[in-house]
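Worksheet: the structure to be examined is printed underneath.
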Amino acid sequence: MTDNASVSRQVCGNFGNDKGRLMDILIGVQAQAGCIAPEALDEIAKSLSMNRVEVESAATFYAFFSDKMRGRFVIRLCNDVIDQLQGADRVAAAFRAELGIEFGQTTADGLFSLAYTPCIGMSDQAPAVLINDRVVTKVSTDMVREIVQTLRTGKSLEHLKLTLGDGNNSHPLVRAMVNNNLRERGAVVFAPYTPGVALQRALSEQPVEIIKIIKASRLRGRGGAGFPTGMKWEFTRAAPGERKFVVCNADEGEPGTFKDRVILTEAPGLVFEGMTIAGYAVGASEGIVYLRGEYAYLLAYLEDVLAKRRAAGLLGRDILGKAGFKFDIRIQLGAGAYVCGEETALLSSCEGKAGNPKTRPPFPAQKGYLDMPTVINNVETHCAAARIVENGPSWFASMGTKASSGTKVFSVSGDCAQPGVYEIPFGITVQELLARVGATDTIAVQVGGASGRMIGPSEFGRQFCFDQLATGGSVMVFGKGRDPLAIAHGFMDFFVEESCGYCTPCRVGTRLLRERLGRFLEGRAEAADLDYLEKTSKVVKNASRCGLGQTAPNPILSTLQSFRSEYERCIKKNGTVFLPSFDPGKAVAVAAGIAGRASEHFGTKKGGVKA
Amino acid sequence: MANKPKVATCSLAGCFGCHMSLLDIDDRILKLVELVEFDRSPINDIKRIEGRCAIGIIEGGCCTEDNVHVLEHFREHCDVLVSTGDCATMGGIPALRNTIPLRECLEEAYLKGPSVYNPSGRLPGDPEIPLMLDKVYPCHEVVKIDYHLPGCPPSADAIWETLVALLSGKPLSLPYGLIKYD
């Protein structure tokens, strides 16, 4: 691409040659030039006065950037566990047959590229694909043929006739095929919302009072970790720094989680209001929403909501007439990296770098974005904070359980009649939730996504709350006939793919664990492999640098606990001294082929039996 | 004499360096002979294990079918197997070929390499030469291995301490100096 350099120069100029905006610059170059070629890296480095290797490090980190030209239509099929159970393989086969290319390739006419992508937040309407930034849900093999033919002749996404989804998915600035499947609205997030009410109340109090209110509500972070929100705000307020920031983590990448998508579609004003209140409470005047690249279709709509809030005096200077209080929000788009949901990796990405996690401490409350004190909260947490200020802490604390107050927005997917989003007070048992979503004959539930844990029926009486079953929202239901070990293996595929590679325990450990788990599925495991899995899991958990590696062994650890008999059932004895995982016949087969004779000791018979 | 435990040793895909290190126990070898009887070993050139052995010391990983065959033989006849040295425990230098397909390795060595003289243009296929495995396997990927003794080679003292501990049934203590390699 000859104009890669000039496009790069121009895009850098659009962002004032600010190297802190490298993410946006790379997204811009990728969009306009079709790839980020070596010349582009040279030019960006020059324009931003950076080392080329810094630019390259960021450009090669994210799945949505490419150094080579891809097709005009990049089709990304979600191969998450849920999508696989609902026929993603059939869809993949249909795309391959229709386009005549494999995944990872581009058609000769330059029109189509095929790729796999981890969870795109559509598990309740799987299988789903992204075509550039357009989402297509519940894809059938018939639809594949139709999509390919339409794009081949029409050569524009505009020709795709997609049925628009419910609620704001049909909004002129969204126009997405996505459905909310919002099955239960609770009192906090999805209750009717009037812009400015909560903020007005906040501004009538002193900032320290706001923090007291949040603490009194016992609100804990909704992303999954459950850190007390009021305490986080207090630390940030107390930390010295000439600038402070409020960040909203909308990088909802945990497989099976899609509640933030629905919140951002139906209640974006409440999210922004919560952020503004947080800004007032901690003394920040800048906010950032980190929106995952998979949700780029919401960008124009969210920008419009922000613009309207500015016009209404809910953002900007002297907000709601409060002299001296200013706050504004920008949206930072991601580009396909699960690890960026980890708060420090998210900050690296906001700063325009590769999404590598930072070492904690210092925590973001002390040194966050640009090394300044930063509050990072989940989308849902910001909503809850706004409501608490609006309705009072005791109103909030009266819902849920003592240690887990308020409601939780669950995203339920998998083998059930009504997958979708449910806002329910904390404390509901698994059994009760399964009944509400119409799940029967459930053999396993994955709580908290890939990094959460898989439980069996003996634990279905437990409650969803921080002390028992904690979840950022993801609840995946698996019915009769599903194989818990195969599901765990699917999650390990995900971690292997998403490990950023920075630290060895995670980069190597996830692969070792997946390989050893695979032996059970392939009937090549021995009893000692159980011990190996346990020990290696512990090493990866304890020695990894960030939350990704620290939770990556969970699919194995939790299935070892809940489904140990499944593992034991797979253990094989082969009647020789060889490990079940070693097949001497197979190991000599290549050489036997080259030499044109059979092995002296081990026939090429299958199964490693001595000839 | 007849009640002495037996020890067997072998060198698979190794360089005999670990065996040289074993011999480096110097005069302690006299003490060792009092403690044990040597069964199959390159030291005495016995080819097949003759009686049940207490300990099998394995040098080298598995590069050929013959290596696998010998290791199988050791596992069948030894109570305890000790993977000795980096080749046995991790594949070592021979495992450098593991990133290259076997056919490419053989072609580079016998057909395409810049210094190769091979007018027949054939890869060696004599039945006397054991077939190579698709890759080099550390011993514990082939059979169950009871202990791993790292080092390239493990020092004579480390080997000595290990043998004494195994034979006396006492816990092994290898001071840091004996397992420090930089």
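Note on naming: chains are A, B, ... as they come in the structure tokens, residues start from 1 per chain, ligands start from 1 in the order shown.
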Report as a PyMOL selection string all protein, DNA and RNA residues lying within 10 Å of Lys46 in chain A, evaluated on only C-alpha atoms, omitting residues in the same chain fewer than 5 positions from it. chain A and resi 9+12+17+40-41+51-52
Identify, on the basis of only C-alpha atoms, every residue whose closest approach to Tyr295 in chain A does not exceed 10 Å; exclude the query and any residue fewer than 5 positions from it along the same chain; express the result as a PyMOL selection string. chain A and resi 120-121+130+133-135+250-252+261+264+333-335
Those same residues, written as a compact mmCIF listing (two decimals), in the first residue's frame with C-alpha atoms?
# COMPACT_ATOMS: atom_id res chain seq x y z
CA ILE A 120 -17.61 -11.10 21.25
CA GLY A 121 -20.29 -10.69 23.91
CA LEU A 130 -18.32 -9.76 13.30
CA ASP A 133 -17.61 -3.74 12.94
CA ARG A 134 -21.03 -5.18 12.06
CA VAL A 135 -22.45 -7.95 14.25
CA ALA A 250 -16.20 -1.52 29.28
CA ASP A 251 -13.76 -4.08 27.94
CA GLU A 252 -16.19 -6.86 28.61
CA ARG A 261 -23.31 -4.34 26.18
CA LEU A 264 -24.41 0.60 27.36
CA LEU A 333 -11.76 2.08 21.68
CA GLY A 334 -9.89 -1.19 22.17
CA ALA A 335 -8.76 -3.47 19.37
Find the nearest atom pair between each residue of chain A and chain B for residues within 8 Å, count only C-alpha atoms, give distances in Å to one decimal, sort rows by chain and ascending number, and present the table as a Markdown table.
| residue | atom | partner | partner_atom | distance |
| --- | --- | --- | --- | --- |
| A:Val577 | CA | B:Val143 | CA | 6.2 |
| A:Phe578 | CA | B:Val143 | CA | 4.8 |
| A:Leu579 | CA | B:Val143 | CA | 5.2 |
| A:Ser581 | CA | B:Glu141 | CA | 7.6 |
| A:Phe582 | CA | B:Val142 | CA | 5.6 |
| A:Pro584 | CA | B:Val68 | CA | 7.7 |
| A:Ala587 | CA | B:Leu133 | CA | 5.1 |
| A:Val588 | CA | B:Leu133 | CA | 4.8 |
| A:Ala589 | CA | B:Asp134 | CA | 7.6 |
| A:Val590 | CA | B:Asp134 | CA | 6.2 |
| A:Ala591 | CA | B:Leu131 | CA | 5.8 |
| A:Ala592 | CA | B:Leu131 | CA | 6.7 |
| A:Ile594 | CA | B:Arg103 | CA | 7.4 |
| A:Ala595 | CA | B:Gly125 | CA | 5.1 |
| A:Gly596 | CA | B:Gly125 | CA | 7.9 |
| A:Ser599 | CA | B:Leu131 | CA | 6.7 |
| A:Glu600 | CA | B:Pro130 | CA | 7.4 |
| A:His601 | CA | B:His69 | CA | 7.0 |
| A:Phe602 | CA | B:Glu65 | CA | 7.6 |
Restrict the selected residues to N, CA and C atoms and save them as a compact mmCIF listing (two decimals), in the first residue's frame.
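Output (selection_39.txt):
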# COMPACT_ATOMS: atom_id res chain seq x y z
N VAL A 577 5.01 -50.77 29.86
CA VAL A 577 5.63 -49.83 30.77
C VAL A 577 5.61 -48.41 30.20
N PHE A 578 5.20 -48.29 28.95
CA PHE A 578 5.17 -46.95 28.35
C PHE A 578 4.02 -46.14 28.92
N LEU A 579 4.25 -44.84 29.02
CA LEU A 579 3.18 -43.95 29.45
C LEU A 579 2.08 -43.98 28.39
N SER A 581 0.63 -41.69 27.20
CA SER A 581 0.78 -40.56 26.28
C SER A 581 1.88 -40.79 25.25
N PHE A 582 2.65 -41.88 25.41
CA PHE A 582 3.73 -42.15 24.45
C PHE A 582 3.38 -43.35 23.60
N PRO A 584 5.13 -45.55 20.86
CA PRO A 584 6.39 -45.80 20.14
C PRO A 584 6.17 -46.02 18.65
N ALA A 587 5.90 -42.76 17.11
CA ALA A 587 7.14 -41.99 17.17
C ALA A 587 8.14 -42.44 16.10
N VAL A 588 8.08 -43.70 15.67
CA VAL A 588 9.03 -44.16 14.64
C VAL A 588 8.42 -44.13 13.24
N ALA A 589 7.13 -43.82 13.15
CA ALA A 589 6.44 -43.94 11.86
C ALA A 589 7.09 -43.09 10.76
N VAL A 590 7.49 -41.87 11.10
CA VAL A 590 8.07 -40.98 10.08
C VAL A 590 9.35 -41.59 9.53
N ALA A 591 10.22 -42.04 10.45
CA ALA A 591 11.49 -42.60 10.03
C ALA A 591 11.28 -43.89 9.26
N ALA A 592 10.29 -44.68 9.67
CA ALA A 592 10.00 -45.93 8.96
C ALA A 592 9.59 -45.62 7.52
N ILE A 594 10.52 -42.96 5.78
CA ILE A 594 11.69 -42.47 5.05
C ILE A 594 12.59 -43.64 4.67
N ALA A 595 12.81 -44.56 5.64
CA ALA A 595 13.72 -45.67 5.39
C ALA A 595 13.06 -46.78 4.56
N GLY A 596 11.74 -46.75 4.49
CA GLY A 596 11.04 -47.78 3.73
C GLY A 596 11.09 -49.16 4.37
N SER A 599 9.88 -50.76 11.86
CA SER A 599 10.75 -50.64 13.02
C SER A 599 11.20 -52.01 13.49
N GLU A 600 12.43 -52.05 14.01
CA GLU A 600 12.99 -53.28 14.56
C GLU A 600 12.17 -53.73 15.78
N HIS A 601 11.78 -52.79 16.59
CA HIS A 601 11.15 -53.13 17.87
C HIS A 601 9.67 -52.80 17.94
N PHE A 602 9.29 -51.75 17.25
CA PHE A 602 7.91 -51.28 17.43
C PHE A 602 7.24 -51.20 16.08
Could you list, as a list in words, every residue within 10 Å of Thr162 in chain B, counting only C-alpha atoms and ignoring same-chain residues fewer than 3 positions away? Val82, Tyr147, Leu149, Ala156, Asp157, Ala158, Ile159, Ala165, Leu166, Leu167, Ser168, Lys170, Pro171, Leu172, Ser173 and Leu174 of chain B
Ala191 in chain A environment, 10 Å, only C-alpha atoms, sequence neighbours closer than 3 positions dropped, as a list of chain:residue names: A:Arg185, A:Gly186, A:Ala187, A:Val188, A:Thr194, A:Ala267, A:Arg387, A:Glu423
Those same residues, written as a compact mmCIF listing (two decimals), in the first residue's frame with C-alpha atoms?
# COMPACT_ATOMS: atom_id res chain seq x y z
CA ARG A 185 -35.15 -5.34 35.03
CA GLY A 186 -34.08 -4.72 38.61
CA ALA A 187 -34.31 -1.65 40.80
CA VAL A 188 -30.79 -0.36 40.20
CA THR A 194 -33.98 10.68 34.42
CA ALA A 267 -28.65 2.92 30.09
CA ARG A 387 -28.38 5.17 41.95
CA GLU A 423 -30.93 -8.01 37.00
For CA of Arg237 in chain A and CA of Val282 in chain A, determine how far apart the two atoms are, in Å to one decimal place. 4.2 Å
Compile the contact shell of Phe327 in chain A as a ChimeraX atom specification: residues with an atom at most 7 Å away, counting only C-alpha atoms, same-chain residues fewer than 3 positions apart removed. /A:276,279,285-286,315-317
Just list the residues in range 42-145 of chain B DSSP gives alpha helix (DSSP H) on the backbone, as a ChimeraX atom specification. /B:65-77,86-90,102-107
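For the choices B:Gly177, B:Gly121, B:Pro94, B:Pro138, the atom-to-atom distance to Glu107 in chain B is smallest for B:Gly121 when using only C-alpha atoms.
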So which residues touch range 38-48 of chain B within 7 Å, counting only C-alpha atoms, skipping near sequence neighbours fewer than 4 positions away, as an MDAnalysis selection string? chainID B and resid 6:10
Go ahead and save the residues from that selection, with N, CA and C atoms, as a CSV table (one decimal), in the first residue's frame.
chain,number,residue,atom,x,y,z
B,6,LYS,N,21.6,-54.4,43.1
B,6,LYS,CA,22.2,-54.2,41.8
B,6,LYS,C,21.9,-52.8,41.2
B,7,VAL,N,22.8,-52.3,40.5
B,7,VAL,CA,22.7,-51.1,39.8
B,7,VAL,C,23.0,-51.3,38.3
B,8,ALA,N,22.1,-50.7,37.5
B,8,ALA,CA,22.4,-50.8,36.0
B,8,ALA,C,22.5,-49.4,35.5
B,9,THR,N,23.3,-49.2,34.5
B,9,THR,CA,23.4,-47.8,33.9
B,9,THR,C,23.3,-47.9,32.4
B,10,CYS,N,22.9,-46.9,31.7
B,10,CYS,CA,22.9,-46.9,30.3
B,10,CYS,C,23.1,-45.4,29.8
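Using only C-alpha atoms, the protein and nucleic acid residues lying no more than 12 Å from Lys541 in chain A, apart from those fewer than 5 places from it along its own chain, are Ser451, Thr504, Pro505, Cys506, Gly509, Thr510, Leu513, Leu533, Glu534, Lys535, Thr536, Cys546, Gly547, Leu548, Gly549, Gln550, Thr551, Ala552, Pro553, Asn554, Pro555, Ile556 and Leu557 of chain A.
Across the structure, CA of Leu162 in chain A and CA of Val136 in chain A are spaced 7.6 Å apart.
Going from CA of Thr471 in chain A to CA of Thr229 in chain A covers 16.2 Å.
Nearest to Glu59 in chain B of all the residues B:Ser11, B:Ser21, B:Ser115, B:Thr99 is B:Ser11, based on only C-alpha atoms.
Residue nearest Ile58 in chain B within the list B:Ala109, B:Cys139, B:Val116, B:Leu35: B:Cys139 [criterion: smallest interatomic distance, only C-alpha atoms].
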